[in-house]
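Next comes upload_3.txt, a file with compact mmCIF, N, CA and C atoms.
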```txt
# COMPACT_ATOMS: atom_id res chain seq x y z
N MET A 1 -57.63 147.43 167.99
CA MET A 1 -59.07 147.55 168.12
C MET A 1 -59.81 146.23 167.88
N PRO A 2 -59.31 145.34 167.01
CA PRO A 2 -60.03 144.08 166.81
C PRO A 2 -60.17 143.27 168.10
N GLY A 3 -59.16 143.33 168.98
CA GLY A 3 -59.25 142.62 170.24
C GLY A 3 -60.39 143.13 171.10
N ILE A 4 -60.54 144.44 171.15
CA ILE A 4 -61.63 145.04 171.93
C ILE A 4 -62.97 144.60 171.36
N GLN A 5 -63.10 144.65 170.04
CA GLN A 5 -64.36 144.25 169.41
C GLN A 5 -64.67 142.78 169.69
N ARG A 6 -63.66 141.92 169.56
CA ARG A 6 -63.86 140.49 169.78
C ARG A 6 -64.30 140.22 171.22
N TRP A 7 -63.57 140.77 172.19
CA TRP A 7 -63.86 140.48 173.59
C TRP A 7 -65.16 141.13 174.03
N PHE A 8 -65.48 142.32 173.52
CA PHE A 8 -66.75 142.95 173.88
C PHE A 8 -67.92 142.15 173.31
N GLY A 9 -67.76 141.67 172.07
CA GLY A 9 -68.81 140.83 171.48
C GLY A 9 -69.03 139.57 172.30
N LEU A 10 -67.95 138.95 172.76
CA LEU A 10 -68.08 137.76 173.59
C LEU A 10 -68.69 138.11 174.95
N LEU A 11 -68.39 139.30 175.44
CA LEU A 11 -68.95 139.75 176.72
C LEU A 11 -70.48 139.84 176.63
N ILE A 12 -70.98 140.30 175.50
CA ILE A 12 -72.43 140.38 175.30
C ILE A 12 -73.04 138.97 175.38
N PHE A 13 -72.40 138.03 174.73
CA PHE A 13 -72.88 136.63 174.73
C PHE A 13 -72.86 136.06 176.15
N VAL A 14 -71.76 136.27 176.87
CA VAL A 14 -71.64 135.74 178.24
C VAL A 14 -72.66 136.41 179.16
N ALA A 15 -72.89 137.71 178.97
CA ALA A 15 -73.90 138.41 179.78
C ALA A 15 -75.28 137.80 179.57
N ALA A 16 -75.60 137.48 178.32
CA ALA A 16 -76.89 136.85 178.03
C ALA A 16 -76.99 135.48 178.71
N LEU A 17 -75.91 134.69 178.64
CA LEU A 17 -75.90 133.39 179.32
C LEU A 17 -76.06 133.56 180.83
N HIS A 18 -75.41 134.58 181.38
CA HIS A 18 -75.48 134.85 182.82
C HIS A 18 -76.93 135.15 183.24
N MET A 19 -77.61 135.96 182.44
CA MET A 19 -78.99 136.28 182.77
C MET A 19 -79.90 135.06 182.60
N ILE A 20 -79.64 134.25 181.58
CA ILE A 20 -80.42 133.03 181.38
C ILE A 20 -80.22 132.09 182.57
N GLU A 21 -78.96 131.96 183.04
CA GLU A 21 -78.69 131.12 184.21
C GLU A 21 -79.52 131.59 185.40
N GLN A 22 -79.56 132.90 185.61
CA GLN A 22 -80.30 133.41 186.77
C GLN A 22 -81.81 133.25 186.59
N LEU A 23 -82.30 133.38 185.36
CA LEU A 23 -83.73 133.16 185.12
C LEU A 23 -84.12 131.72 185.40
N ILE A 24 -83.21 130.79 185.08
CA ILE A 24 -83.50 129.38 185.28
C ILE A 24 -83.32 128.96 186.74
N THR A 25 -82.28 129.48 187.40
CA THR A 25 -81.92 128.96 188.73
C THR A 25 -82.41 129.81 189.90
N GLY A 26 -82.75 131.04 189.67
CA GLY A 26 -83.26 131.84 190.78
C GLY A 26 -83.04 133.33 190.56
N LEU A 27 -83.93 134.11 191.13
CA LEU A 27 -83.91 135.55 190.95
C LEU A 27 -83.40 136.29 192.19
N ASP A 28 -82.42 135.71 192.88
CA ASP A 28 -81.89 136.31 194.10
C ASP A 28 -81.45 137.75 193.90
N GLU A 29 -80.78 138.02 192.78
CA GLU A 29 -80.26 139.36 192.51
C GLU A 29 -81.40 140.36 192.33
N LEU A 30 -82.50 139.93 191.74
CA LEU A 30 -83.66 140.80 191.57
C LEU A 30 -84.19 141.25 192.92
N TYR A 31 -84.22 140.35 193.88
CA TYR A 31 -84.73 140.70 195.20
C TYR A 31 -83.80 141.70 195.89
N MET A 32 -82.50 141.58 195.66
CA MET A 32 -81.55 142.53 196.21
C MET A 32 -81.75 143.91 195.56
N ILE A 33 -81.97 143.92 194.25
CA ILE A 33 -82.20 145.18 193.55
C ILE A 33 -83.49 145.82 194.06
N ARG A 34 -84.50 145.03 194.31
CA ARG A 34 -85.76 145.57 194.85
C ARG A 34 -85.53 146.21 196.22
N ARG A 35 -84.70 145.60 197.06
CA ARG A 35 -84.40 146.20 198.37
C ARG A 35 -83.72 147.55 198.21
N VAL A 36 -82.77 147.62 197.27
CA VAL A 36 -82.08 148.89 197.01
C VAL A 36 -83.07 149.92 196.48
N LEU A 37 -83.94 149.50 195.57
CA LEU A 37 -84.92 150.44 195.02
C LEU A 37 -85.90 150.91 196.09
N ASN A 38 -86.25 150.05 197.03
CA ASN A 38 -87.13 150.48 198.12
C ASN A 38 -86.49 151.60 198.93
N VAL A 39 -85.18 151.49 199.16
CA VAL A 39 -84.47 152.58 199.85
C VAL A 39 -84.51 153.84 199.00
N TYR A 40 -84.24 153.70 197.70
CA TYR A 40 -84.27 154.84 196.78
C TYR A 40 -85.65 155.50 196.79
N TYR A 41 -86.71 154.71 196.65
CA TYR A 41 -88.06 155.26 196.63
C TYR A 41 -88.42 155.92 197.96
N GLY A 42 -87.80 155.48 199.04
CA GLY A 42 -88.04 156.09 200.35
C GLY A 42 -87.56 157.53 200.43
N TRP A 43 -86.69 157.93 199.54
CA TRP A 43 -86.18 159.31 199.53
C TRP A 43 -87.18 160.29 198.92
N PHE A 44 -88.22 159.80 198.27
CA PHE A 44 -89.15 160.64 197.52
C PHE A 44 -90.56 160.51 198.06
N LYS A 45 -91.31 161.60 197.99
CA LYS A 45 -92.73 161.55 198.34
C LYS A 45 -93.54 161.04 197.16
N ASN A 46 -93.08 161.34 195.95
CA ASN A 46 -93.79 160.96 194.73
C ASN A 46 -92.99 159.87 194.02
N THR A 47 -93.49 158.64 194.06
CA THR A 47 -92.74 157.53 193.45
C THR A 47 -92.72 157.61 191.93
N ASP A 48 -93.73 158.24 191.33
CA ASP A 48 -93.70 158.41 189.87
C ASP A 48 -92.54 159.32 189.48
N PHE A 49 -92.34 160.39 190.23
CA PHE A 49 -91.21 161.29 189.98
C PHE A 49 -89.90 160.53 190.12
N ALA A 50 -89.80 159.71 191.17
CA ALA A 50 -88.58 158.94 191.42
C ALA A 50 -88.29 157.99 190.26
N THR A 51 -89.33 157.36 189.74
CA THR A 51 -89.17 156.43 188.62
C THR A 51 -88.69 157.16 187.37
N VAL A 52 -89.34 158.27 187.05
CA VAL A 52 -88.96 159.04 185.86
C VAL A 52 -87.54 159.57 186.01
N LEU A 53 -87.17 160.03 187.19
CA LEU A 53 -85.82 160.52 187.43
C LEU A 53 -84.80 159.39 187.23
N LEU A 54 -85.07 158.22 187.77
CA LEU A 54 -84.16 157.09 187.64
C LEU A 54 -84.02 156.67 186.17
N VAL A 55 -85.13 156.58 185.46
CA VAL A 55 -85.10 156.21 184.04
C VAL A 55 -84.32 157.26 183.25
N THR A 56 -84.54 158.54 183.55
CA THR A 56 -83.83 159.62 182.87
C THR A 56 -82.33 159.49 183.08
N ILE A 57 -81.92 159.26 184.31
CA ILE A 57 -80.50 159.12 184.61
C ILE A 57 -79.91 157.93 183.87
N LEU A 58 -80.60 156.81 183.88
CA LEU A 58 -80.10 155.61 183.20
C LEU A 58 -80.04 155.79 181.68
N VAL A 59 -81.05 156.41 181.10
CA VAL A 59 -81.05 156.63 179.65
C VAL A 59 -79.91 157.57 179.26
N ILE A 60 -79.72 158.65 180.01
CA ILE A 60 -78.63 159.57 179.71
C ILE A 60 -77.28 158.87 179.86
N PHE A 61 -77.15 158.03 180.88
CA PHE A 61 -75.90 157.29 181.07
C PHE A 61 -75.62 156.37 179.89
N VAL A 62 -76.62 155.64 179.44
CA VAL A 62 -76.45 154.74 178.30
C VAL A 62 -76.11 155.54 177.04
N LEU A 63 -76.79 156.67 176.83
CA LEU A 63 -76.49 157.51 175.67
C LEU A 63 -75.07 158.06 175.73
N LEU A 64 -74.61 158.42 176.92
CA LEU A 64 -73.22 158.89 177.07
C LEU A 64 -72.23 157.77 176.74
N LEU A 65 -72.53 156.55 177.16
CA LEU A 65 -71.67 155.43 176.80
C LEU A 65 -71.61 155.24 175.29
N ILE A 66 -72.76 155.28 174.65
CA ILE A 66 -72.81 155.13 173.19
C ILE A 66 -72.04 156.27 172.53
N TYR A 67 -72.22 157.48 173.01
CA TYR A 67 -71.52 158.64 172.45
C TYR A 67 -70.01 158.47 172.61
N GLY A 68 -69.58 157.97 173.75
CA GLY A 68 -68.16 157.73 173.97
C GLY A 68 -67.60 156.73 172.97
N VAL A 69 -68.37 155.71 172.65
CA VAL A 69 -67.95 154.73 171.66
C VAL A 69 -67.88 155.38 170.27
N LEU A 70 -68.86 156.21 169.96
CA LEU A 70 -68.88 156.86 168.65
C LEU A 70 -67.71 157.83 168.47
N LEU A 71 -67.28 158.46 169.56
CA LEU A 71 -66.17 159.41 169.48
C LEU A 71 -64.82 158.70 169.34
N ARG A 72 -64.79 157.43 169.71
CA ARG A 72 -63.58 156.60 169.60
C ARG A 72 -62.48 157.13 170.52
N GLY A 73 -61.27 156.76 170.20
CA GLY A 73 -60.11 157.23 170.95
C GLY A 73 -60.17 156.89 172.42
N ARG A 74 -59.74 157.82 173.23
CA ARG A 74 -59.66 157.59 174.68
C ARG A 74 -61.03 157.39 175.32
N LEU A 75 -62.04 158.09 174.78
CA LEU A 75 -63.38 157.92 175.36
C LEU A 75 -63.90 156.50 175.14
N LEU A 76 -63.63 155.94 173.98
CA LEU A 76 -64.02 154.55 173.73
C LEU A 76 -63.33 153.63 174.73
N LEU A 77 -62.05 153.89 174.99
CA LEU A 77 -61.32 153.07 175.96
C LEU A 77 -61.90 153.22 177.36
N CYS A 78 -62.35 154.44 177.71
CA CYS A 78 -62.98 154.65 179.02
C CYS A 78 -64.30 153.87 179.13
N VAL A 79 -65.08 153.87 178.06
CA VAL A 79 -66.34 153.11 178.05
C VAL A 79 -66.06 151.63 178.21
N MET A 80 -65.08 151.13 177.47
CA MET A 80 -64.73 149.72 177.58
C MET A 80 -64.20 149.39 178.98
N ALA A 81 -63.43 150.31 179.56
CA ALA A 81 -62.93 150.10 180.93
C ALA A 81 -64.09 150.02 181.92
N PHE A 82 -65.15 150.78 181.69
CA PHE A 82 -66.34 150.69 182.54
C PHE A 82 -66.92 149.27 182.49
N PHE A 83 -67.00 148.70 181.28
CA PHE A 83 -67.53 147.34 181.15
C PHE A 83 -66.59 146.29 181.74
N VAL A 84 -65.31 146.58 181.72
CA VAL A 84 -64.36 145.69 182.40
C VAL A 84 -64.67 145.67 183.90
N LEU A 85 -64.90 146.85 184.48
CA LEU A 85 -65.22 146.93 185.92
C LEU A 85 -66.53 146.21 186.23
N VAL A 86 -67.51 146.38 185.37
CA VAL A 86 -68.79 145.67 185.56
C VAL A 86 -68.54 144.16 185.54
N SER A 87 -67.72 143.71 184.61
CA SER A 87 -67.42 142.28 184.50
C SER A 87 -66.73 141.75 185.74
N ILE A 88 -65.74 142.47 186.20
CA ILE A 88 -64.99 142.04 187.39
C ILE A 88 -65.89 142.03 188.62
N SER A 89 -66.86 142.93 188.66
CA SER A 89 -67.75 143.00 189.83
C SER A 89 -68.61 141.74 189.98
N GLU A 90 -68.68 140.94 188.92
CA GLU A 90 -69.46 139.71 189.01
C GLU A 90 -68.82 138.68 189.94
N VAL A 91 -67.66 138.99 190.45
CA VAL A 91 -67.01 138.13 191.44
C VAL A 91 -67.89 137.98 192.68
N HIS A 92 -68.84 138.90 192.85
CA HIS A 92 -69.73 138.82 194.03
C HIS A 92 -70.49 137.49 194.06
N HIS A 93 -70.81 136.92 192.90
CA HIS A 93 -71.51 135.62 192.89
C HIS A 93 -70.62 134.53 193.49
N ILE A 94 -69.36 134.54 193.12
CA ILE A 94 -68.42 133.53 193.62
C ILE A 94 -68.20 133.74 195.12
N ALA A 95 -68.04 134.99 195.53
CA ALA A 95 -67.85 135.29 196.96
C ALA A 95 -69.08 134.88 197.77
N GLU A 96 -70.27 135.19 197.27
CA GLU A 96 -71.49 134.81 197.98
C GLU A 96 -71.62 133.30 198.08
N SER A 97 -71.31 132.59 197.01
CA SER A 97 -71.37 131.13 197.05
C SER A 97 -70.40 130.57 198.08
N ALA A 98 -69.20 131.14 198.14
CA ALA A 98 -68.20 130.67 199.11
C ALA A 98 -68.65 130.98 200.54
N MET A 99 -69.16 132.17 200.76
CA MET A 99 -69.58 132.55 202.11
C MET A 99 -70.79 131.75 202.59
N GLN A 100 -71.72 131.50 201.67
CA GLN A 100 -72.94 130.79 202.05
C GLN A 100 -72.79 129.28 201.91
N ARG A 101 -71.65 128.85 201.35
CA ARG A 101 -71.37 127.43 201.13
C ARG A 101 -72.50 126.72 200.38
N ARG A 102 -72.99 127.42 199.37
CA ARG A 102 -74.03 126.86 198.51
C ARG A 102 -73.96 127.56 197.16
N TYR A 103 -74.63 126.97 196.19
CA TYR A 103 -74.71 127.59 194.87
C TYR A 103 -75.59 128.83 194.95
N VAL A 104 -75.10 129.94 194.44
CA VAL A 104 -75.87 131.17 194.33
C VAL A 104 -76.15 131.39 192.84
N PRO A 105 -77.41 131.64 192.45
CA PRO A 105 -77.71 131.82 191.03
C PRO A 105 -76.77 132.83 190.36
N GLY A 106 -76.20 132.42 189.25
CA GLY A 106 -75.27 133.27 188.51
C GLY A 106 -73.82 132.88 188.69
N THR A 107 -73.54 131.97 189.62
CA THR A 107 -72.15 131.63 189.93
C THR A 107 -71.45 130.92 188.77
N ILE A 108 -72.15 130.06 188.07
CA ILE A 108 -71.52 129.28 187.00
C ILE A 108 -70.98 130.20 185.90
N THR A 109 -71.80 131.11 185.43
CA THR A 109 -71.37 131.98 184.33
C THR A 109 -70.61 133.21 184.81
N ALA A 110 -70.60 133.47 186.11
CA ALA A 110 -69.83 134.61 186.63
C ALA A 110 -68.36 134.44 186.31
N GLY A 111 -67.85 133.23 186.41
CA GLY A 111 -66.45 132.98 186.10
C GLY A 111 -66.13 133.33 184.66
N ALA A 112 -67.00 132.91 183.74
CA ALA A 112 -66.79 133.24 182.32
C ALA A 112 -66.85 134.75 182.11
N TRP A 113 -67.80 135.41 182.78
CA TRP A 113 -67.95 136.86 182.63
C TRP A 113 -66.69 137.57 183.12
N ILE A 114 -66.16 137.13 184.24
CA ILE A 114 -64.94 137.74 184.78
C ILE A 114 -63.76 137.53 183.84
N ILE A 115 -63.59 136.31 183.36
CA ILE A 115 -62.46 136.01 182.47
C ILE A 115 -62.54 136.82 181.18
N VAL A 116 -63.71 136.86 180.57
CA VAL A 116 -63.88 137.64 179.33
C VAL A 116 -63.66 139.12 179.63
N GLY A 117 -64.15 139.59 180.76
CA GLY A 117 -63.93 140.99 181.14
C GLY A 117 -62.46 141.31 181.31
N LEU A 118 -61.72 140.39 181.92
CA LEU A 118 -60.27 140.60 182.08
C LEU A 118 -59.56 140.60 180.72
N MET A 119 -60.01 139.75 179.82
CA MET A 119 -59.42 139.74 178.48
C MET A 119 -59.75 141.04 177.74
N LEU A 120 -60.96 141.55 177.93
CA LEU A 120 -61.32 142.85 177.37
C LEU A 120 -60.42 143.93 177.97
N GLY A 121 -60.19 143.85 179.28
CA GLY A 121 -59.30 144.81 179.94
C GLY A 121 -57.90 144.77 179.37
N ARG A 122 -57.42 143.57 179.09
CA ARG A 122 -56.09 143.43 178.49
C ARG A 122 -56.05 144.08 177.10
N ALA A 123 -57.11 143.88 176.33
CA ALA A 123 -57.18 144.49 174.99
C ALA A 123 -57.26 146.01 175.09
N VAL A 124 -57.99 146.52 176.09
CA VAL A 124 -58.09 147.97 176.30
C VAL A 124 -56.72 148.54 176.66
N LEU A 125 -56.02 147.87 177.57
CA LEU A 125 -54.68 148.35 177.96
C LEU A 125 -53.71 148.31 176.78
N ARG A 126 -53.81 147.26 175.98
CA ARG A 126 -52.95 147.16 174.80
C ARG A 126 -53.24 148.31 173.84
N GLN A 127 -54.52 148.59 173.61
CA GLN A 127 -54.90 149.68 172.70
C GLN A 127 -54.48 151.03 173.28
N ALA A 128 -54.62 151.21 174.58
CA ALA A 128 -54.20 152.46 175.22
C ALA A 128 -52.70 152.65 175.06
N SER A 129 -51.96 151.57 175.20
CA SER A 129 -50.51 151.63 175.03
C SER A 129 -50.14 152.01 173.61
N LEU A 130 -50.84 151.45 172.64
CA LEU A 130 -50.58 151.76 171.24
C LEU A 130 -50.94 153.21 170.92
N SER A 131 -52.04 153.69 171.52
CA SER A 131 -52.49 155.05 171.20
C SER A 131 -51.58 156.11 171.82
N THR A 132 -50.86 155.77 172.89
CA THR A 132 -49.94 156.74 173.47
C THR A 132 -48.64 156.80 172.67
N GLN A 133 -48.37 155.77 171.89
CA GLN A 133 -47.16 155.75 171.08
C GLN A 133 -47.34 156.51 169.77
N ALA A 134 -48.56 156.55 169.27
CA ALA A 134 -48.83 157.24 168.00
C ALA A 134 -49.33 158.64 168.27
N PRO A 135 -49.10 159.58 167.37
CA PRO A 135 -49.62 160.92 167.56
C PRO A 135 -51.14 160.92 167.55
N ILE A 136 -51.74 161.80 168.32
CA ILE A 136 -53.20 161.88 168.42
C ILE A 136 -53.71 162.76 167.29
N ALA A 137 -54.65 162.21 166.51
CA ALA A 137 -55.24 162.98 165.40
C ALA A 137 -56.25 163.97 165.96
N VAL A 138 -56.27 165.17 165.40
CA VAL A 138 -57.20 166.20 165.81
C VAL A 138 -58.37 166.22 164.83
N ASN A 139 -59.59 166.10 165.36
CA ASN A 139 -60.77 166.15 164.50
C ASN A 139 -61.16 167.59 164.27
N ASP A 140 -61.47 167.92 163.03
CA ASP A 140 -61.90 169.29 162.71
C ASP A 140 -63.38 169.41 162.79
```
Let's see the structure in the file written out as structure tokens.
Amino acid sequence: MPGIQRWFGLLIFVAALHMIEQLITGLDELYMIRRVLNVYYGWFKNTDFATVLLVTILVIFVLLLIYGVLLRGRLLLCVMAFFVLVSISEVHHIAESAMQRRYVPGTITAGAWIIVGLMLGRAVLRQASLSTQAPIAVND
């Protein structure tokens, strides 16, 4: 478990650096998110309802992630695996930079985010391997 804690803590730091890089160098990703949200809002007649629905879904999702961490065990590993996938998905910055043959905001720290995410993934797999070897405790 210490490996998961260490790598997740570093992931938080790298995520903050990644967002700072994008704030300084450009908000390209924000404009992409706005395009996606415009499609989402197009599905609804009432945009206020759409906003509240989206916020509700996101808040419940975050609370479920926190609950999974609090329950520990396999659910904690599933939550950490989700963050590993989020980390690996940052490869899109590197791919976009390569395809456009130019710097895309977020590319510099995307590499660090991916590496730390992979290290977190390694710690999750190691912990999963250890937990399958030991008997599972039943909570009363």
Could you find all residues in region 22-58 of chain A that DSSP calls alpha helix (DSSP H) from the backbone, and write them as a PyMOL selection string?
chain A and resi 22-25+28-42+47-58
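Counting from CA of Leu11 (chain A), the distance to CA of Arg72 (chain A) is 19.1 Å.
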For Leu10 (chain A), which residue out of A:Ser129, A:Thr56, A:Ser87, A:Thr51 is the nearest one, using only C-alpha atoms?
A:Ser87
For a test of reading the model, state the distance in Å between atom C of Leu63 (chain A) and CA of Val79 (chain A), rounded to one decimal.
10.3 Å
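These residues, each with an atom at most 7 Å from (-77.0, 129.2, 187.4) using all atoms listed in the file, are Ile20, Glu21, Gln22, Ile24, Thr25, Gly26, Val104, Pro105, Gly106, Thr107, Ile108 and Thr109 of chain A.
Between CA of Asp48 (chain A) and CA of Met32 (chain A) lies a distance of 21.0 Å.
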When you count only C-alpha atoms, which of these residues is closest to Ala112 (chain A): A:Leu17, A:His92, A:Leu70, A:Leu53?
A:Leu17
Counting only C-alpha atoms, what is within 10 Å of Ser131 (chain A), bar same-chain residues fewer than 6 positions away, as a PyMOL selection string?
chain A and resi 73-74+125
Would you give the centre and edge lengths, in Å to one decimal, of a box along x, y and z around the listed atoms of region 26-33 of chain A, with 6 Å added to each side, as lines of an AutoDock Vina configuration file?
```
center_x = -82.5
center_y = 138.4
center_z = 192.9
size_x = 16.5
size_y = 26.8
size_z = 18.5
```
